[in-house]
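Coordinates as given in input_15.tsv (TSV, C-alpha atoms):
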chain	number	residue	atom	x	y	z
A	1	MET	CA	15.88	-24.62	11.44
A	2	ARG	CA	18.44	-25.88	8.90
A	3	LYS	CA	15.63	-26.26	6.41
A	4	PHE	CA	14.58	-22.67	7.06
A	5	MET	CA	18.13	-21.40	6.57
A	6	THR	CA	18.45	-23.30	3.28
A	7	TYR	CA	15.21	-21.93	1.92
A	8	ALA	CA	15.95	-18.45	3.22
A	9	SER	CA	19.30	-18.54	1.41
A	10	ILE	CA	17.54	-19.53	-1.81
A	11	GLY	CA	15.13	-16.69	-1.24
A	12	LEU	CA	17.82	-14.13	-0.58
A	13	LEU	CA	19.79	-15.29	-3.61
A	14	SER	CA	16.79	-14.92	-5.85
A	15	PHE	CA	16.06	-11.56	-4.25
A	16	GLY	CA	18.83	-9.94	-6.26
A	17	VAL	CA	17.54	-11.40	-9.50
A	18	THR	CA	13.82	-11.16	-9.20
A	19	GLN	CA	12.34	-9.12	-6.28
A	20	THR	CA	8.65	-9.29	-4.32
A	21	VAL	CA	4.74	-9.40	-4.24
A	22	GLN	CA	1.34	-8.04	-3.19
A	23	ALA	CA	-0.22	-4.82	-1.94
A	24	ARG	CA	1.74	-2.60	0.39
A	25	PRO	CA	1.46	-3.82	3.96
A	26	VAL	CA	1.86	-0.39	5.55
A	27	SER	CA	-0.43	2.57	4.92
A	28	TYR	CA	-0.35	6.29	5.80
A	29	PRO	CA	-0.64	7.49	9.44
A	30	GLY	CA	-4.14	6.63	10.63
A	31	GLY	CA	-4.87	4.47	7.58
A	32	VAL	CA	-6.85	1.24	7.79
A	33	THR	CA	-6.47	-1.47	5.15
A	34	ALA	CA	-8.52	-4.61	4.60
A	35	MET	CA	-7.23	-7.38	2.31
A	36	VAL	CA	-8.94	-10.56	1.19
A	37	MET	CA	-6.58	-12.94	-0.61
A	38	ASN	CA	-7.51	-16.20	-2.30
A	39	ASN	CA	-4.81	-18.12	-4.14
A	40	PRO	CA	-4.05	-21.75	-5.02
A	41	ASP	CA	-2.56	-22.39	-1.55
A	42	SER	CA	-4.72	-20.46	0.88
A	43	ASN	CA	-7.52	-18.04	1.68
A	44	SER	CA	-6.80	-15.17	4.01
A	45	VAL	CA	-8.20	-12.02	5.54
A	46	HIS	CA	-5.85	-9.31	6.77
A	47	LEU	CA	-7.03	-6.15	8.51
A	48	HIS	CA	-4.40	-3.68	9.67
A	49	TYR	CA	-4.01	-0.20	11.08
A	50	SER	CA	-0.98	2.00	10.47
A	51	PRO	CA	-0.14	4.40	13.33
A	52	THR	CA	2.69	5.77	11.18
A	53	ALA	CA	3.93	5.18	7.64
A	54	LYS	CA	6.66	2.96	9.11
A	55	TYR	CA	4.60	0.08	10.49
A	56	SER	CA	1.17	-1.48	10.74
A	57	LEU	CA	-0.47	-3.80	13.22
A	58	GLY	CA	-3.45	-6.02	12.62
A	59	TYR	CA	-5.24	-9.33	12.48
A	60	LYS	CA	-4.63	-12.04	9.92
A	61	GLY	CA	-6.73	-15.14	9.50
A	62	GLU	CA	-5.63	-17.86	7.07
A	63	TYR	CA	-6.96	-21.19	5.83
A	64	TRP	CA	-4.35	-23.48	4.25
A	65	ARG	CA	-6.08	-25.85	1.87
A	66	ASP	CA	-3.49	-28.66	1.57
A	67	GLY	CA	-3.16	-29.13	5.32
A	68	GLU	CA	-6.75	-28.12	6.07
A	69	TYR	CA	-5.81	-25.93	8.99
A	70	THR	CA	-6.25	-22.33	10.04
A	71	ILE	CA	-3.92	-19.75	11.53
A	72	GLN	CA	-5.30	-16.81	13.50
A	73	ALA	CA	-2.55	-14.29	14.17
A	74	VAL	CA	-1.62	-10.80	15.18
A	75	GLN	CA	0.57	-9.52	12.38
A	76	MET	CA	3.04	-6.66	12.42
A	77	ASN	CA	4.46	-5.20	9.22
A	78	ASN	CA	7.54	-3.01	9.36
A	79	LEU	CA	8.79	-0.81	6.55
A	80	LEU	CA	12.53	-1.40	6.85
A	81	LYS	CA	13.56	0.86	4.01
A	82	ARG	CA	11.94	2.97	1.32
A	83	TRP	CA	13.57	4.63	-1.65
A	84	ASN	CA	11.54	7.55	-3.00
A	85	LYS	CA	12.78	8.51	-6.45
A	86	PRO	CA	11.30	11.09	-8.85
A	87	ALA	CA	9.53	8.45	-10.93
A	88	SER	CA	9.68	5.33	-8.83
A	89	GLN	CA	9.48	3.83	-5.38
A	90	ALA	CA	11.11	0.78	-3.79
A	91	ASN	CA	10.45	-0.83	-0.42
A	92	ILE	CA	11.66	-3.57	1.88
A	93	TYR	CA	9.26	-4.86	4.53
A	94	LEU	CA	9.46	-7.34	7.37
A	95	LYS	CA	6.12	-9.10	7.94
A	96	SER	CA	5.70	-11.24	11.04
A	97	GLY	CA	2.80	-12.84	12.85
A	98	VAL	CA	2.20	-14.69	16.09
A	99	GLY	CA	-0.93	-16.68	16.81
A	100	VAL	CA	-2.63	-20.04	16.93
A	101	ALA	CA	-2.96	-22.82	14.38
A	102	TYR	CA	-5.92	-25.20	14.46
A	103	SER	CA	-6.52	-28.47	12.64
A	104	ASP	CA	-8.80	-31.49	12.85
A	105	LYS	CA	-7.49	-33.18	9.71
A	106	GLY	CA	-6.51	-36.87	9.94
A	107	ALA	CA	-4.57	-37.56	13.10
A	108	PHE	CA	-5.20	-34.07	14.37
A	109	ASP	CA	-8.18	-34.14	16.70
A	110	HIS	CA	-9.02	-30.50	17.22
A	111	GLU	CA	-5.29	-29.87	17.54
A	112	THR	CA	-4.26	-26.38	18.54
A	113	GLU	CA	-0.65	-25.26	18.30
A	114	PRO	CA	1.16	-21.96	18.69
A	115	ALA	CA	2.02	-20.51	15.29
A	116	PHE	CA	4.63	-18.06	14.09
A	117	TYR	CA	5.64	-16.78	10.70
A	118	THR	CA	8.02	-14.18	9.34
A	119	GLY	CA	9.30	-13.07	5.98
A	120	LEU	CA	10.78	-10.32	3.89
A	121	ALA	CA	8.96	-8.53	1.11
A	122	ALA	CA	10.46	-6.14	-1.41
A	123	ASP	CA	9.06	-4.25	-4.36
A	124	TRP	CA	10.00	-1.72	-6.95
A	125	GLU	CA	7.53	0.11	-9.13
A	126	ASP	CA	7.09	3.09	-11.33
A	127	ARG	CA	3.89	3.96	-13.13
A	128	ARG	CA	4.61	1.52	-15.96
A	129	TYR	CA	6.47	-1.43	-14.42
A	130	PHE	CA	6.25	-3.42	-11.22
A	131	ILE	CA	8.47	-6.13	-9.77
A	132	SER	CA	8.29	-7.76	-6.36
A	133	TYR	CA	9.55	-10.64	-4.29
A	134	GLU	CA	8.31	-12.08	-1.00
A	135	ASN	CA	9.25	-15.00	1.21
A	136	ARG	CA	7.87	-16.47	4.40
A	137	TYR	CA	8.71	-19.19	6.87
A	138	THR	CA	5.81	-20.57	8.90
A	139	GLU	CA	6.05	-22.70	12.02
A	140	ALA	CA	2.83	-24.20	13.35
A	141	GLY	CA	4.09	-26.85	15.77
A	142	ASP	CA	3.04	-30.41	14.91
A	143	ILE	CA	0.51	-29.17	12.38
A	144	ASP	CA	2.87	-27.78	9.73
A	145	ASP	CA	6.03	-25.87	8.97
A	146	PHE	CA	6.99	-24.62	5.54
A	147	PHE	CA	8.88	-22.07	3.52
A	148	MET	CA	7.39	-20.30	0.53
A	149	GLN	CA	8.42	-17.55	-1.79
A	150	SER	CA	6.84	-15.73	-4.67
A	151	SER	CA	7.76	-13.15	-7.21
A	152	ARG	CA	5.72	-10.97	-9.48
A	153	VAL	CA	6.32	-8.76	-12.52
A	154	GLY	CA	3.78	-6.37	-13.98
A	155	ILE	CA	3.24	-3.84	-16.72
A	156	ALA	CA	0.60	-1.14	-17.05
A	157	PRO	CA	-0.65	-0.97	-20.65
A	158	TYR	CA	-1.52	2.71	-20.16
A	159	ILE	CA	-0.72	5.38	-17.58
A	160	GLY	CA	-3.72	6.76	-15.70
A	161	GLU	CA	-4.02	9.77	-13.44
A	162	TYR	CA	-5.16	9.75	-9.82
A	163	GLY	CA	-8.79	8.63	-9.71
A	164	ASP	CA	-8.70	6.84	-13.07
A	165	ILE	CA	-9.07	3.08	-13.40
A	166	HIS	CA	-5.53	1.69	-13.53
A	167	THR	CA	-4.94	-1.65	-15.20
A	168	TRP	CA	-1.95	-3.91	-14.65
A	169	LEU	CA	-1.07	-7.14	-16.40
A	170	MET	CA	1.02	-9.29	-14.07
A	171	LEU	CA	2.68	-12.66	-13.82
A	172	GLN	CA	3.20	-14.30	-10.44
A	173	VAL	CA	5.45	-17.26	-9.75
A	174	ASP	CA	4.98	-19.10	-6.44
A	175	HIS	CA	7.50	-21.57	-5.11
A	176	ARG	CA	6.50	-23.80	-2.22
A	177	PRO	CA	9.03	-26.66	-2.01
A	178	GLU	CA	6.83	-28.94	0.08
A	179	ALA	CA	3.62	-28.52	-1.87
A	180	GLU	CA	2.33	-31.04	-4.39
A	181	ASP	CA	2.70	-28.43	-7.11
A	182	GLU	CA	6.05	-26.98	-6.14
A	183	VAL	CA	5.93	-24.12	-8.62
A	184	THR	CA	2.83	-22.38	-9.87
A	185	VAL	CA	2.61	-19.61	-12.42
A	186	THR	CA	-0.37	-17.27	-12.38
A	187	PRO	CA	-1.17	-14.57	-14.93
A	188	ILE	CA	-3.10	-11.81	-13.16
A	189	VAL	CA	-5.13	-8.76	-14.12
A	190	ARG	CA	-5.06	-6.00	-11.50
A	191	LEU	CA	-7.61	-3.19	-11.53
A	192	PHE	CA	-6.97	-0.26	-9.27
A	193	LYS	CA	-9.18	2.78	-8.64
A	194	GLY	CA	-8.99	5.16	-5.72
A	195	VAL	CA	-9.15	3.14	-2.51
A	196	HIS	CA	-10.01	-0.16	-4.24
A	197	MET	CA	-7.76	-2.77	-5.77
A	198	VAL	CA	-8.97	-6.03	-7.32
A	199	GLU	CA	-6.84	-8.83	-8.75
A	200	ALA	CA	-7.98	-11.93	-10.58
A	201	GLY	CA	-6.05	-14.72	-12.23
A	202	MET	CA	-5.81	-18.42	-12.95
A	203	SER	CA	-2.71	-20.51	-12.31
A	204	ASN	CA	-1.15	-23.07	-14.65
A	205	GLN	CA	-2.73	-25.70	-12.35
A	206	GLY	CA	-6.17	-24.24	-13.03
A	207	SER	CA	-6.60	-22.67	-9.59
A	208	LEU	CA	-8.26	-19.31	-9.25
A	209	LEU	CA	-6.66	-16.28	-7.63
A	210	PHE	CA	-8.81	-13.43	-6.39
A	211	ASN	CA	-7.59	-10.60	-4.19
A	212	TYR	CA	-9.36	-7.48	-2.99
A	213	VAL	CA	-7.84	-4.60	-1.06
A	214	ILE	CA	-9.54	-1.50	0.31
A	215	ARG	CA	-7.65	1.27	2.07
A	216	TYR	CA	-9.46	3.99	3.97
B	1	MET	CA	-27.09	60.34	0.72
B	2	LYS	CA	-29.22	57.26	1.29
B	3	LYS	CA	-28.64	56.18	-2.33
B	4	LEU	CA	-24.90	56.64	-1.90
B	5	PHE	CA	-24.89	54.60	1.32
B	6	LEU	CA	-26.81	51.74	-0.29
B	7	THR	CA	-24.52	51.75	-3.32
B	8	CYS	CA	-21.46	51.56	-1.08
B	9	ALA	CA	-23.01	48.78	1.04
B	10	PHE	CA	-23.86	46.65	-2.01
B	11	THR	CA	-20.42	47.25	-3.49
B	12	VAL	CA	-18.75	46.00	-0.31
B	13	LEU	CA	-21.06	42.99	0.00
B	14	LEU	CA	-20.84	41.89	-3.62
B	15	THR	CA	-17.14	42.44	-4.22
B	16	PRO	CA	-15.12	39.28	-3.62
B	17	ALA	CA	-12.26	39.45	-1.17
B	18	ALA	CA	-9.11	40.88	-2.70
B	19	TYR	CA	-7.10	38.05	-1.16
B	20	ALA	CA	-8.56	34.58	-1.33
B	21	GLY	CA	-5.72	32.51	0.06
B	22	GLU	CA	-2.38	30.96	-0.62
B	23	VAL	CA	-1.63	28.15	-3.05
B	24	VAL	CA	1.37	25.98	-2.26
B	25	LYS	CA	2.90	23.74	-4.92
B	26	ILE	CA	4.94	20.91	-3.50
B	27	GLY	CA	7.24	18.64	-5.50
B	28	VAL	CA	7.25	15.11	-4.10
B	29	ASN	CA	9.35	12.04	-4.93
B	30	GLY	CA	7.98	8.50	-4.69
B	31	MET	CA	4.34	9.06	-5.72
B	32	VAL	CA	3.63	6.28	-8.21
B	33	CYS	CA	0.05	5.14	-7.59
B	34	ASP	CA	-3.40	6.07	-6.27
B	35	PHE	CA	-2.56	4.74	-2.79
B	36	CYS	CA	0.37	7.19	-2.69
B	37	ALA	CA	-1.87	10.05	-3.80
B	38	GLN	CA	-4.51	9.06	-1.27
B	39	ALA	CA	-1.95	8.99	1.55
B	40	ILE	CA	-0.79	12.52	0.77
B	41	GLU	CA	-4.38	13.74	0.38
B	42	LYS	CA	-5.58	12.25	3.68
B	43	VAL	CA	-2.64	13.56	5.69
B	44	PHE	CA	-2.89	17.12	4.31
B	45	MET	CA	-6.68	17.32	4.55
B	46	LYS	CA	-6.44	16.70	8.31
B	47	GLN	CA	-4.75	20.09	8.67
B	48	ASP	CA	-6.90	23.04	9.75
B	49	ALA	CA	-5.15	25.40	7.34
B	50	VAL	CA	-5.89	23.30	4.25
B	51	GLU	CA	-8.92	24.09	2.08
B	52	GLY	CA	-8.25	21.56	-0.67
B	53	ILE	CA	-5.58	19.51	-2.39
B	54	ASP	CA	-4.86	18.26	-5.88
B	55	VAL	CA	-2.38	15.45	-6.51
B	56	ASN	CA	-0.84	15.19	-9.95
B	57	LEU	CA	1.09	11.95	-10.38
B	58	SER	CA	2.49	12.92	-13.80
B	59	ASP	CA	3.93	16.21	-12.56
B	60	LYS	CA	4.99	14.58	-9.26
B	61	GLN	CA	3.43	17.59	-7.62
B	62	ILE	CA	0.71	18.35	-5.11
B	63	THR	CA	-1.14	21.66	-5.06
B	64	VAL	CA	-2.50	22.73	-1.69
B	65	ASP	CA	-5.10	25.49	-1.39
B	66	MET	CA	-4.89	27.20	1.97
B	67	LYS	CA	-7.87	28.70	3.74
B	68	ASP	CA	-8.16	32.50	3.76
B	69	GLY	CA	-5.54	34.00	6.00
B	70	LYS	CA	-4.00	30.61	6.81
B	71	THR	CA	-0.62	29.24	5.89
B	72	MET	CA	1.81	26.47	6.74
B	73	GLY	CA	5.55	26.81	7.15
B	74	ASP	CA	8.04	24.91	5.01
B	75	GLU	CA	9.08	22.83	7.99
B	76	ALA	CA	5.50	21.73	8.70
B	77	ILE	CA	4.96	20.83	5.03
B	78	THR	CA	8.22	18.85	4.93
B	79	THR	CA	7.16	16.94	8.04
B	80	LEU	CA	3.75	16.10	6.56
B	81	VAL	CA	5.24	14.82	3.30
B	82	ASN	CA	7.80	12.72	5.17
B	83	ASP	CA	5.19	11.43	7.62
B	84	SER	CA	3.06	10.37	4.65
B	85	GLY	CA	5.98	8.21	3.54
B	86	TYR	CA	7.34	10.32	0.70
B	87	ALA	CA	10.22	12.71	0.02
B	88	LEU	CA	9.89	16.45	-0.48
B	89	VAL	CA	11.63	18.01	-3.48
B	90	ASP	CA	10.65	21.67	-3.37
B	91	ILE	CA	7.99	24.16	-2.24
B	92	THR	CA	6.74	27.15	-4.21
B	93	ARG	CA	4.08	29.57	-3.03
B	94	GLU	CA	1.58	31.72	-4.90
B	95	GLU	CA	-0.86	34.23	-3.51
B	96	VAL	CA	-4.18	33.96	-5.27
B	97	SER	CA	-6.43	36.95	-5.72
B	98	ASP	CA	-10.09	36.68	-6.72
B	99	GLU	CA	-10.06	40.11	-8.35
Give the structure from this file in structure tokens form.
Amino acid sequence: MRKFMTYASIGLLSFGVTQTVQARPVSYPGGVTAMVMNNPDSNSVHLHYSPTAKYSLGYKGEYWRDGEYTIQAVQMNNLLKRWNKPASQANIYLKSGVGVAYSDKGAFDHETEPAFYTGLAADWEDRRYFISYENRYTEAGDIDDFFMQSSRVGIAPYIGEYGDIHTWLMLQVDHRPEAEDEVTVTPIVRLFKGVHMVEAGMSNQGSLLFNYVIRY
Amino acid sequence: MKKLFLTCAFTVLLTPAAYAGEVVKIGVNGMVCDFCAQAIEKVFMKQDAVEGIDVNLSDKQITVDMKDGKTMGDEAITTLVNDSGYALVDITREEVSDE
């Protein structure tokens, strides 16, 4: 718990300087979103439904490569605050999940543990610039527990209208204190058209990042 | 007399309605991307009164075409914009004639 508080403090301190990551975790009322994320640390699938524009509820499945374990969880995302300005938007979200972690790596013989994670995400964007910050603490019993945080900045080289292909050039920095590569930096190209969003990048460690989001 | 009747009948049938519907222009804050535009579009298109919608991110404005004889009050429009996750700035109405 002390470890969590220390890392959370670091995260909150950097919040003021940098800010958060990723696609918006809450959609419009009745909206369904599917996300497939593949980054240097993990692969995940997240499917959520938004009853209102304030929260979403869904399933998230993750595979963590270093620890070779999975987490299957029910995840709830809450929009804590949104600022709608004439040319920009900013958000703060709370993202939490409860589920089960499973591992059969090393000493773990088909080990199953309850799992829980929570974190804050914040973003600011206009049609030209994007900046975001996200943190998360994960507790998976004997299998693993860790804190991670990431931040992203982006710029759109041109401004498109609704329905056009939008292009973003982004840089993501991930900080996972307990990982072998504590800090990774990943340049990313984001393409965005209508209900589809695709992101691809390669980290300074040579790992591929590929994300796909569809909202319908 | 028959010729006059037929002329009148064709005139009535072929003349477009004098009043084709209302167009509502709505200023909205917070629309910065296609997901924002899509949210607004989906929420408004679920309404019976709405014929079509155009979202212009540059103008920060949505244009809603109402069905003939249908309208929506300012309060209902404000609620829809807020429920979509955005903030209403203003509402202006135009009556469109096909003549």
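Residue nearest chain A within the list B:Thr78, B:Ser84, B:Thr71, B:Gln61: B:Ser84 [criterion: smallest interatomic distance, all atoms listed in the file].
Any residue of chain A with an atom no more than 7 Å from chain B counts as a contact; using only C-alpha atoms, that gives Tyr28, Pro29, Ala53, Asn84, Lys85, Pro86, Ala87, Ser88, Gln89, Asp126, Arg127, Glu161, Tyr162, Gly163, Gly194 and Val195 of chain A.
Each of B:Phe44, B:Asp90, B:Ile26, B:Glu51 was compared to Gly69 in chain B using all atoms listed in the file, and B:Glu51 turns out to be the nearest.
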Atomic separation - CA of His196 in chain A relative to CA of Pro157 in chain A, Å:
18.9 Å
List every protein, DNA or RNA residue with an atom no more than 8 Å from (-3.4, 34.0, 0.9) in the file's coordinates, counting all atoms listed in the file, and format the result as an MDAnalysis selection string.
chainID B and resid 19:23 66:71 94:97
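As for CA of Arg24 in chain A and CA of Gln72 in chain A, they are spaced 20.6 Å apart.
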Listed atoms of range 68-81 of chain B boxed axis-aligned with 6 Å per side, centre + edges as JSON:
{"center_x": 0.5, "center_y": 24.4, "center_z": 6.0, "size_x": 29.2, "size_y": 31.2, "size_z": 17.4}
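Here CA of Val74 in chain A stands at a distance of 6.1 Å from CA of Gly99 in chain A.
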Residues proximal to (6.8, -15.9, 4.6) were defined as those with any atom within 6 Å of that point in the file's coordinates, counting all atoms listed in the file. Which are they, as a VMD selection string?
chain A and resid 118 to 119 135 to 137
Can you pull out the residues contacting range 198-214 of chain A? Cut-off 10 Å, using all atoms listed in the file, and skip same-chain residues under 5 positions away; I want them as a count of residues only.
40
